file start11.txt (compact mmCIF, C-alpha atoms)
# COMPACT_ATOMS: atom_id res chain seq x y z
CA MET A 61 110.75 142.06 98.54
CA PRO A 62 113.20 139.14 98.24
CA SER A 63 113.40 137.50 94.85
CA LEU A 64 112.26 133.93 94.27
CA LYS A 65 115.84 132.74 94.13
CA ASP A 66 116.62 134.34 97.51
CA LEU A 67 113.64 132.63 99.05
CA ARG A 68 114.61 129.29 97.59
CA ASN A 69 118.12 129.63 98.99
CA ARG A 70 116.82 130.60 102.38
CA ILE A 71 114.52 127.58 102.56
CA ALA A 72 117.36 125.28 101.52
CA SER A 73 119.67 126.61 104.23
CA VAL A 74 117.04 126.29 106.96
CA LYS A 75 116.41 122.74 105.80
CA ALA A 76 120.11 121.95 106.11
CA THR A 77 120.18 123.40 109.62
CA GLN A 78 117.15 121.39 110.58
CA LYS A 79 118.87 118.21 109.46
CA ILE A 80 121.84 119.00 111.69
CA THR A 81 119.76 119.80 114.75
CA LYS A 82 117.70 116.66 114.21
CA ALA A 83 120.87 114.57 114.05
CA MET A 84 122.26 116.24 117.18
CA GLN A 85 119.04 115.53 119.03
CA MET A 86 119.23 111.85 118.18
CA VAL A 87 122.88 111.62 119.15
CA ALA A 88 122.11 113.34 122.46
CA ALA A 89 119.26 110.91 123.08
CA ALA A 90 121.57 107.93 122.61
CA LYS A 91 124.27 109.45 124.79
CA LEU A 92 121.73 110.41 127.41
CA ARG A 93 120.69 106.82 127.84
CA ARG A 94 124.29 105.81 128.51
CA ALA A 95 124.99 108.75 130.82
CA GLN A 96 121.80 108.13 132.73
CA SER A 97 122.58 104.49 133.37
CA ALA A 98 126.10 105.43 134.46
CA ALA A 99 124.70 107.98 136.89
CA GLU A 100 122.25 105.42 138.23
CA ALA A 101 124.96 102.77 138.61
CA ALA A 102 127.04 105.16 140.69
CA ARG A 103 124.22 106.00 143.03
CA PRO A 104 124.40 102.96 145.37
CA TYR A 105 128.07 103.57 146.09
CA ALA A 106 127.54 107.22 146.92
CA GLU A 107 124.52 106.44 149.06
CA ARG A 108 126.20 103.69 151.08
CA MET A 109 129.22 105.91 151.47
CA SER A 110 127.24 108.75 152.96
CA VAL A 111 125.31 106.40 155.24
CA VAL A 112 128.47 104.79 156.57
CA LEU A 113 130.22 108.11 156.93
CA GLY A 114 127.18 109.61 158.61
CA ASN A 115 127.12 106.80 161.13
CA LEU A 116 130.80 107.15 161.73
CA ALA A 117 130.77 110.92 162.07
CA SER A 118 127.77 111.01 164.39
CA GLY A 119 129.82 109.04 166.90
CA VAL A 120 132.70 111.47 166.73
CA THR A 121 132.71 114.57 168.86
CA VAL A 122 134.29 117.54 167.18
CA GLY A 123 137.57 118.35 168.85
CA PRO A 124 141.10 119.27 167.95
CA GLU A 125 141.67 115.65 166.99
CA THR A 126 138.94 115.56 164.36
CA PRO A 127 140.19 115.59 160.77
CA ARG A 128 139.92 119.04 159.32
CA LEU A 129 138.06 117.76 156.28
CA LEU A 130 135.16 117.12 158.63
CA ALA A 131 135.52 119.87 161.20
CA GLY A 132 136.74 122.63 158.89
CA THR A 133 139.50 125.10 159.57
CA GLY A 134 137.34 127.16 161.85
CA SER A 135 137.20 130.01 159.39
CA ASP A 136 135.37 130.72 156.15
CA ARG A 137 137.51 133.50 154.80
CA VAL A 138 138.83 131.83 151.66
CA GLN A 139 136.22 130.10 149.56
CA LEU A 140 136.89 127.68 146.75
CA LEU A 141 134.27 127.20 144.07
CA VAL A 142 134.53 124.11 141.90
CA VAL A 143 132.33 124.82 138.91
CA CYS A 144 131.51 121.81 136.75
CA THR A 145 130.10 122.55 133.32
CA ALA A 146 130.16 120.94 129.90
CA GLU A 147 132.91 121.02 127.34
CA ARG A 148 130.55 121.76 124.51
CA GLY A 149 127.82 124.27 123.89
CA LEU A 150 124.51 124.00 122.06
CA CYS A 151 122.74 122.58 125.05
CA GLY A 152 120.28 125.28 125.93
CA ALA A 153 120.71 127.10 129.21
CA PHE A 154 122.68 124.25 130.77
CA ASN A 155 126.09 125.92 131.01
CA SER A 156 124.84 129.41 131.66
CA SER A 157 122.54 128.37 134.48
CA ILE A 158 125.37 126.65 136.36
CA ALA A 159 127.64 129.60 135.69
CA ARG A 160 124.98 132.01 136.86
CA LEU A 161 124.54 130.15 140.13
CA ALA A 162 128.30 130.17 140.67
CA ARG A 163 128.57 133.83 139.73
CA ASP A 164 125.84 134.89 142.13
CA HIS A 165 127.50 132.89 144.86
CA ALA A 166 130.90 134.40 144.13
CA ASN A 167 129.50 137.93 144.02
CA ARG A 168 127.81 137.45 147.35
CA LEU A 169 131.01 136.16 148.91
CA LEU A 170 133.03 139.01 147.45
CA ALA A 171 130.51 141.50 148.80
CA GLU A 172 131.04 139.97 152.23
CA GLY A 173 134.72 140.66 151.84
CA LYS A 174 135.82 137.09 151.41
CA THR A 175 138.45 135.75 149.10
CA VAL A 176 137.15 133.65 146.24
CA LYS A 177 139.06 131.07 144.24
CA ILE A 178 137.55 129.19 141.35
CA ILE A 179 138.40 125.90 139.71
CA CYS A 180 136.60 125.39 136.43
CA VAL A 181 135.86 121.90 135.22
CA GLY A 182 134.80 122.18 131.60
CA LYS A 183 135.64 124.83 129.09
CA LYS A 184 132.21 126.40 128.73
CA GLY A 185 131.94 127.50 132.34
CA TYR A 186 135.43 128.90 132.13
CA ASP A 187 134.52 130.94 129.07
CA ILE A 188 131.58 132.48 130.88
CA LEU A 189 133.24 133.09 134.24
CA ARG A 190 136.49 134.37 132.75
CA ARG A 191 134.86 137.64 131.79
CA GLN A 192 134.16 138.62 135.37
CA PHE A 193 136.49 136.55 137.51
CA ALA A 194 139.69 136.39 135.48
CA GLU A 195 141.84 136.85 138.58
CA GLN A 196 139.92 134.43 140.77
CA ILE A 197 140.13 131.44 138.45
CA ILE A 198 143.10 129.38 139.52
CA GLU A 199 142.68 126.37 137.31
CA LEU A 200 140.85 124.93 134.35
CA VAL A 201 140.36 121.18 134.24
CA ASP A 202 139.83 120.00 130.71
CA LEU A 203 137.94 116.76 130.27
CA ARG A 204 137.44 117.06 126.54
CA ALA A 205 139.70 114.12 125.83
CA ALA A 206 137.62 111.87 128.08
CA ARG A 207 135.03 109.95 126.15
CA GLN A 208 133.40 108.51 129.22
CA ILE A 209 133.68 110.03 132.66
CA GLY A 210 135.60 107.59 134.83
CA PHE A 211 136.37 107.43 138.50
CA GLU A 212 139.95 108.43 137.77
CA HIS A 213 138.84 111.82 136.42
CA ALA A 214 136.94 112.51 139.60
CA ASP A 215 139.92 111.33 141.58
CA MET A 216 142.20 113.72 139.73
CA ILE A 217 139.96 116.70 140.55
CA ALA A 218 139.52 115.60 144.15
CA GLN A 219 143.29 115.24 144.57
CA LYS A 220 143.76 118.79 143.33
CA VAL A 221 141.21 120.05 145.86
CA LEU A 222 142.81 118.02 148.65
CA THR A 223 146.29 119.29 147.88
CA LEU A 224 145.05 122.86 147.95
CA PHE A 225 143.30 122.19 151.24
CA GLU A 226 146.38 120.65 152.81
CA GLN A 227 148.39 123.66 151.75
CA GLY A 228 145.84 125.85 153.52
CA GLU A 229 144.80 127.54 150.29
CA PHE A 230 141.13 127.64 151.21
CA ASP A 231 138.71 127.07 154.09
CA VAL A 232 135.44 126.10 152.45
CA ALA A 233 134.86 124.39 149.11
CA THR A 234 131.60 124.31 147.23
CA LEU A 235 130.83 122.17 144.22
CA PHE A 236 128.58 123.52 141.46
CA TYR A 237 126.90 121.15 139.06
CA SER A 238 123.56 120.37 137.54
CA ARG A 239 121.47 117.70 139.16
CA PHE A 240 119.66 115.48 136.72
CA ARG A 241 116.02 115.28 137.62
CA SER A 242 114.53 114.37 134.26
CA VAL A 243 115.18 114.92 130.58
CA ILE A 244 113.48 118.28 130.71
CA ALA A 245 114.43 119.33 134.24
CA GLN A 246 118.00 119.87 135.32
CA VAL A 247 118.58 121.70 138.55
CA PRO A 248 121.77 123.71 139.03
CA THR A 249 122.98 122.82 142.49
CA ALA A 250 125.58 124.07 144.94
CA HIS A 251 126.92 121.49 147.33
CA GLN A 252 129.46 122.12 150.06
CA ILE A 253 132.16 119.45 150.03
CA VAL A 254 134.75 120.80 152.45
CA PRO A 255 134.15 120.66 155.36
CA ALA A 256 132.06 117.60 154.65
CA GLN A 257 128.36 117.95 155.23
CA LEU A 258 126.93 114.74 156.52
CA GLU A 259 123.40 114.03 157.43
CA ALA A 260 123.57 111.76 160.43
CA SER A 261 120.99 109.09 159.84
CA GLY A 262 118.56 108.92 162.72
CA ALA A 263 118.70 105.14 162.66
CA ALA A 264 122.25 104.96 163.91
CA SER A 265 122.58 101.44 165.20
CA ASP A 266 123.08 101.00 168.90
CA ALA A 267 125.33 98.03 168.31
CA VAL A 268 128.91 98.51 169.33
CA TYR A 269 131.10 98.57 166.28
CA GLU A 270 134.54 97.12 166.11
CA TYR A 271 136.91 99.31 164.17
CA GLU A 272 139.95 98.05 162.42
CA PRO A 273 142.23 100.05 162.41
CA ASP A 274 140.73 102.53 164.88
CA GLU A 275 137.87 104.90 164.25
CA GLY A 276 140.00 107.96 163.60
CA ASP A 277 142.11 106.16 161.00
CA ILE A 278 139.06 104.99 159.12
CA LEU A 279 137.65 108.48 159.18
CA THR A 280 140.85 109.96 157.79
CA THR A 281 140.89 107.49 154.91
CA LEU A 282 137.20 107.76 154.24
CA LEU A 283 136.89 111.53 154.12
CA PRO A 284 139.14 112.06 151.09
CA ARG A 285 137.43 109.15 149.38
CA ASN A 286 134.08 110.67 150.11
CA LEU A 287 135.25 113.84 148.39
CA THR A 288 136.15 111.86 145.29
CA VAL A 289 132.80 110.14 145.32
CA GLN A 290 130.99 113.46 145.60
CA VAL A 291 132.93 114.85 142.65
CA PHE A 292 132.35 111.67 140.66
CA ARG A 293 128.69 111.84 141.30
CA ALA A 294 128.56 115.50 140.30
CA LEU A 295 130.37 114.75 137.05
CA LEU A 296 128.03 111.92 136.16
CA GLU A 297 124.93 113.92 137.00
CA ASN A 298 126.36 116.73 134.94
CA ALA A 299 126.99 114.46 131.97
CA ALA A 300 123.43 113.19 132.05
CA SER A 301 122.04 116.70 132.50
CA GLU A 302 124.10 118.00 129.61
CA GLN A 303 122.76 115.41 127.22
CA GLY A 304 119.23 115.95 128.48
CA ALA A 305 119.53 119.71 128.02
CA ARG A 306 121.01 119.27 124.57
CA MET A 307 118.28 116.89 123.57
CA SER A 308 115.48 119.25 124.51
CA ALA A 309 117.30 122.28 123.06
CA MET A 310 117.83 120.51 119.76
CA ASP A 311 114.28 119.26 119.75
CA SER A 312 112.91 122.78 119.99
CA ALA A 313 115.46 123.98 117.42
CA THR A 314 114.23 121.34 114.99
CA ARG A 315 110.67 122.37 115.63
CA ASN A 316 111.47 126.04 115.12
CA ALA A 317 113.22 125.25 111.86
CA GLY A 318 110.15 123.33 110.72
CA GLU A 319 107.96 126.32 111.45
CA MET A 320 110.31 128.64 109.63
CA ILE A 321 110.33 126.41 106.56
CA LYS A 322 106.56 126.38 106.56
CA LYS A 323 106.38 130.16 106.68
CA GLN A 324 109.04 130.67 104.05
CA THR A 325 107.43 128.17 101.70
CA MET A 326 104.16 130.03 102.06
CA THR A 327 105.78 133.35 101.09
CA TYR A 328 107.62 131.65 98.27
CA ASN A 329 104.44 130.17 96.78
CA ARG A 330 102.56 133.38 97.23
CA SER A 331 105.12 135.49 95.41
CA ARG A 332 105.43 132.88 92.67
CA GLN A 333 101.70 133.03 92.16
CA ALA A 334 101.74 136.83 92.18
CA MET A 335 104.41 136.76 89.52
CA ILE A 336 102.41 134.44 87.28
CA THR A 337 99.30 136.54 87.70
CA LYS A 338 101.29 139.62 86.86
CA GLU A 339 102.65 138.07 83.68
CA LEU A 340 99.20 136.90 82.62
CA ILE A 341 97.78 140.38 83.09
CA GLU A 342 100.61 141.79 81.03
CA ILE A 343 99.93 139.34 78.17
CA ILE A 344 96.18 139.88 78.23
CA SER A 345 96.44 143.65 78.37
CA GLY A 346 99.00 143.48 75.59
CA ALA A 347 96.60 141.41 73.46
CA GLU A 348 93.75 143.79 74.19
CA ALA A 349 95.78 146.74 73.06
CA LEU A 350 96.24 145.26 69.62
CA MET B 184 124.64 76.79 156.62
CA ALA B 185 123.32 80.15 157.68
CA THR B 186 123.61 82.83 155.06
CA PHE B 187 123.78 86.59 155.22
CA ASN B 188 123.34 89.49 152.86
CA PHE B 189 126.39 90.65 150.96
CA GLU B 190 126.85 93.60 148.63
CA LEU B 191 129.94 94.47 146.68
CA VAL B 192 129.75 97.96 145.21
CA SER B 193 132.27 99.86 143.12
CA PRO B 194 131.73 103.44 141.99
CA GLU B 195 130.85 102.26 138.50
CA ARG B 196 128.51 99.41 139.27
CA VAL B 197 127.10 96.92 141.77
CA LEU B 198 129.17 93.75 141.33
CA PHE B 199 127.43 91.41 143.67
CA SER B 200 124.27 91.48 145.68
CA GLY B 201 122.70 88.52 147.35
CA SER B 202 122.95 86.07 150.21
CA VAL B 203 126.17 84.20 150.75
CA ASP B 204 127.73 81.69 153.13
CA ALA B 205 131.04 83.37 153.79
CA VAL B 206 133.22 86.19 152.57
CA ILE B 207 136.95 86.50 153.10
CA LEU B 208 138.07 90.13 153.18
CA PRO B 209 141.60 91.43 152.67
CA ALA B 210 141.28 93.76 155.67
CA ALA B 211 143.99 96.28 156.47
CA ASP B 212 145.28 94.32 159.46
CA GLY B 213 145.02 90.88 157.91
CA ASP B 214 142.40 88.71 156.27
CA VAL B 215 139.01 88.46 157.91
CA THR B 216 136.38 85.84 157.23
CA VAL B 217 132.87 87.07 157.73
CA LEU B 218 130.18 84.51 158.49
CA ALA B 219 126.53 84.99 159.33
CA GLY B 220 126.05 86.70 162.67
CA HIS B 221 129.42 88.40 162.69
CA ALA B 222 129.76 91.20 165.21
CA PRO B 223 129.44 94.73 163.75
CA LEU B 224 132.76 95.65 162.24
CA MET B 225 134.10 98.40 160.09
CA THR B 226 137.44 98.03 158.43
CA THR B 227 139.47 99.45 155.58
CA LEU B 228 140.72 97.09 152.90
CA LYS B 229 144.10 96.66 151.34
CA THR B 230 144.70 95.54 147.79
CA GLY B 231 144.00 91.86 147.52
CA PHE B 232 141.52 89.16 146.71
CA LEU B 233 138.11 89.03 148.25
CA VAL B 234 136.60 85.55 148.20
CA VAL B 235 132.83 85.14 148.06
CA THR B 236 131.36 81.76 148.86
CA ASP B 237 127.73 81.72 147.85
CA LYS B 238 127.34 77.97 148.17
CA PRO B 239 129.66 75.46 149.81
CA GLY B 240 132.71 74.67 147.74
CA ASN B 241 132.09 77.46 145.27
CA GLY B 242 134.29 80.47 145.91
CA LYS B 243 134.54 83.43 143.60
CA ARG B 244 137.57 85.66 143.71
CA VAL B 245 137.41 89.39 143.16
CA LEU B 246 140.42 91.67 143.10
CA VAL B 247 139.69 94.79 145.14
CA ARG B 248 141.80 97.88 145.57
CA GLY B 249 141.18 100.55 148.16
CA GLY B 250 137.90 100.47 149.97
CA PHE B 251 136.25 99.47 153.15
CA ALA B 252 133.85 96.94 154.54
CA ASP B 253 130.96 97.47 156.87
CA VAL B 254 129.45 94.56 158.77
CA SER B 255 126.16 95.31 160.45
CA GLN B 256 122.97 93.44 161.33
CA ASN B 257 121.82 93.98 157.76
CA GLY B 258 124.78 92.10 156.40
CA LEU B 259 128.08 92.99 154.82
CA THR B 260 128.65 95.90 152.49
CA VAL B 261 131.97 96.30 150.70
CA LEU B 262 132.67 99.61 148.99
CA ALA B 263 135.68 99.11 146.77
CA GLU B 264 137.30 101.89 144.83
CA ARG B 265 138.12 99.36 142.17
CA ALA B 266 136.82 95.81 141.92
CA LEU B 267 137.59 93.26 139.24
CA PRO B 268 136.22 89.72 139.24
CA ALA B 269 138.98 87.16 138.74
CA GLU B 270 137.53 85.98 135.45
CA GLU B 271 137.77 89.50 134.02
CA LEU B 272 141.42 89.85 134.92
CA THR B 273 143.85 90.00 132.05
CA GLN B 274 147.56 90.45 131.75
CA GLU B 275 147.21 94.10 130.66
CA ILE B 276 144.91 95.07 133.52
CA LEU B 277 147.25 93.52 136.04
CA ASP B 278 150.26 95.20 134.47
CA LYS B 279 148.49 98.53 134.74
CA GLU B 280 147.62 97.90 138.38
CA ILE B 281 151.18 96.86 139.13
CA LEU B 282 152.49 100.01 137.50
CA GLN B 283 150.14 102.11 139.61
CA ALA B 284 151.18 100.34 142.78
CA GLU B 285 154.83 100.87 141.90
CA MET B 286 154.16 104.52 141.32
CA ALA B 287 152.36 104.77 144.65
CA TYR B 288 155.33 103.08 146.28
CA ASP B 289 157.78 105.53 144.77
CA ALA B 290 155.63 108.56 145.41
CA THR B 291 155.48 108.39 149.20
CA ASN B 292 158.01 108.60 151.96
CA ASP B 293 155.52 107.65 154.59
CA LEU B 294 156.48 104.29 156.05
CA ALA B 295 152.94 103.00 156.48
CA ALA B 296 151.97 103.98 152.93
CA LYS B 297 155.12 102.36 151.56
CA HIS B 298 154.31 99.20 153.44
CA ALA B 299 150.76 99.16 152.07
CA ALA B 300 152.01 99.66 148.52
CA GLU B 301 154.54 96.88 148.99
CA SER B 302 151.94 94.36 150.09
CA ALA B 303 149.69 95.45 147.23
CA LEU B 304 152.54 94.83 144.81
CA ALA B 305 153.16 91.38 146.25
CA GLN B 306 149.48 90.49 145.83
CA LEU B 307 149.34 91.74 142.28
CA ARG B 308 152.53 89.94 141.24
CA GLU B 309 151.18 86.76 142.74
CA ALA B 310 147.94 87.20 140.81
CA LYS B 311 149.88 87.74 137.63
CA ALA B 312 151.93 84.63 138.18
CA ALA B 313 148.76 82.64 138.83
CA LEU B 314 147.27 83.93 135.62
CA ASN B 315 150.11 82.55 133.56
CA TYR B 316 149.30 78.97 134.46
call {"tool": "encode", "arguments": {"input": "start11.txt", "output": "structure tokens"}}
result
Amino acid sequence: MPSLKDLRNRIASVKATQKITKAMQMVAAAKLRRAQSAAEAARPYAERMSVVLGNLASGVTVGPETPRLLAGTGSDRVQLLVVCTAERGLCGAFNSSIARLARDHANRLLAEGKTVKIICVGKKGYDILRRQFAEQIIELVDLRAARQIGFEHADMIAQKVLTLFEQGEFDVATLFYSRFRSVIAQVPTAHQIVPAQLEASGAASDAVYEYEPDEGDILTTLLPRNLTVQVFRALLENAASEQGARMSAMDSATRNAGEMIKKQTMTYNRSRQAMITKELIEIISGAEAL
Amino acid sequence: MATFNFELVSPERVLFSGSVDAVILPAADGDVTVLAGHAPLMTTLKTGFLVVTDKPGNGKRVLVRGGFADVSQNGLTVLAERALPAEELTQEILDKEILQAEMAYDATNDLAAKHAAESALAQLREAKAALNY
């Protein structure tokens, strides 16, 4: 049976923890609003880009002339996984669910006898994946210094991927991130970025387009840019998801702490009362004995 | 004057959306003015100023770097990797852009890329000089 002092200390420490989680929840809520509006502002660009590229690509027949970013290398032996996670923990299952998706994917590929290479964006995913795939991880991109995800960060990652692709280091690249659906629902997603997957819009205009410079040139400049946009979008969605996950995790932590305090206070009062009763009995029985 | 729909989008935000009279684009092979009813066209852009005329005699200048324009029946869409309205331009921003262009110039050996970087530099220096007045 813990003493009264122990109980008091325990209640005080839970209260302190609750204050921290409450503060973290509010900070996450404020950051979420910013991240969400950034993700929403980036959406039009990404959407237009994929529409234009889809139109362009649907007119191109795959041949030896087609850029390899679109057509692929013709093999899928070496797979690159770009795993985007957060830099910080305490956000529920956010990091582990992305890592789990990537791990399952990597295990399946390894079982098929393929070579797997991993680029980790964010320290948390690296920490998780390092245990199992220490040899496969070729790079860790650290974005901790970045206060706000900018296009240049996405560009940096995309350039790394492009350089590797040009050097023939991999055949297929897949991007792992968490899609932001709502504050309480974030969906870990795998998205193939190389070769580019484009949904040709059915409403491809019949009008004859003029291209300046020619079609192939535009395609070769657009494809790398599309890669950057995809990465940028993933990073923004990830940032919003992270804050959303943290907010709900901290909310439930605060609630749990509240419950714990309630229970502890109950025990504390009960044992205090028991003590008083015991003392009274002692006094009374002492007086009776006289 | 007939108007058409114009959208200027950068990865971070939508800069302009609405109907305009004319837009001058710094297209890769030279400036292009787009008016209502322009034939479908798709072109890449070089670094330079895009001029939006939303009513006669009122042109707004926007510095764009890297991007492309798509003219279709629905109007003109410009996707710029970086877009800065002229009124937001400052000395520091331009200096940074110039530095980047210089770096791009030094980084490549490809003749076409060098040429593109050179023309970008010229545009930026001109903009900087104009700012000083």
call {"tool": "interface_residues", "arguments": {"input": "start11.txt", "of": "chain A", "to": "chain B", "cutoff": "9 Å", "atoms": "all atoms listed in the file", "output": "PyMOL selection string"}}
result
chain A and resi 98-106+108-109+112+210-211+265+267-275+278+281-282+285+289+292-293
call {"tool": "atom_distance", "arguments": {"input": "start11.txt", "atom1": "atom CA of Arg163 of chain A", "atom2": "atom CA of Val181 of chain A"}}
result
14.7 Å
call {"tool": "atom_distance", "arguments": {"input": "start11.txt", "atom1": "atom CA of Asp277 of chain A", "atom2": "atom CA of Ala219 of chain B"}}
result
26.3 Å
call {"tool": "atom_distance", "arguments": {"input": "start11.txt", "atom1": "atom CA of His213 of chain A", "atom2": "atom CA of Ala159 of chain A"}}
result
21.0 Å
call {"tool": "residues_around", "arguments": {"input": "start11.txt", "residues": "segment 132-138 of chain A", "least_positions_apart": "5", "cutoff": "6 Å", "atoms": "all atoms listed in the file", "output": "list of chain:residue names"}}
result
A:Lys174, A:Thr175, A:Val176, A:Phe230, A:Asp231, A:Val232, A:Pro255
call {"tool": "residues_around", "arguments": {"input": "start11.txt", "residues": "Gln252 of chain A", "least_positions_apart": "2", "cutoff": "9 Å", "atoms": "all atoms listed in the file", "output": "PyMOL selection string"}}
result
chain A and resi 232-236+250+254-257
call {"tool": "residues_near_point", "arguments": {"input": "start11.txt", "point": "(156.1, 95.6, 148.2)", "cutoff": "12 Å", "atoms": "all atoms listed in the file", "output": "number ranges by chain"}}
result
B: 230, 281, 284-289, 294-309
call {"tool": "closest_residue", "arguments": {"input": "start11.txt", "among": "B:Leu282, B:Val203, B:Ala290, B:Ala310", "to": "Val245 of chain B", "atoms": "only C-alpha atoms"}}
result
B:Ala310
call {"tool": "closest_residue", "arguments": {"input": "start11.txt", "among": "B:Ala269, B:Ala185, B:Leu277, B:Val234", "to": "Pro209 of chain B", "atoms": "all atoms listed in the file"}}
result
B:Val234
call {"tool": "closest_residue", "arguments": {"input": "start11.txt", "among": "A:Gln139, A:Glu172, A:Tyr186, A:Thr280", "to": "Ser156 of chain A", "atoms": "all atoms listed in the file"}}
result
A:Tyr186
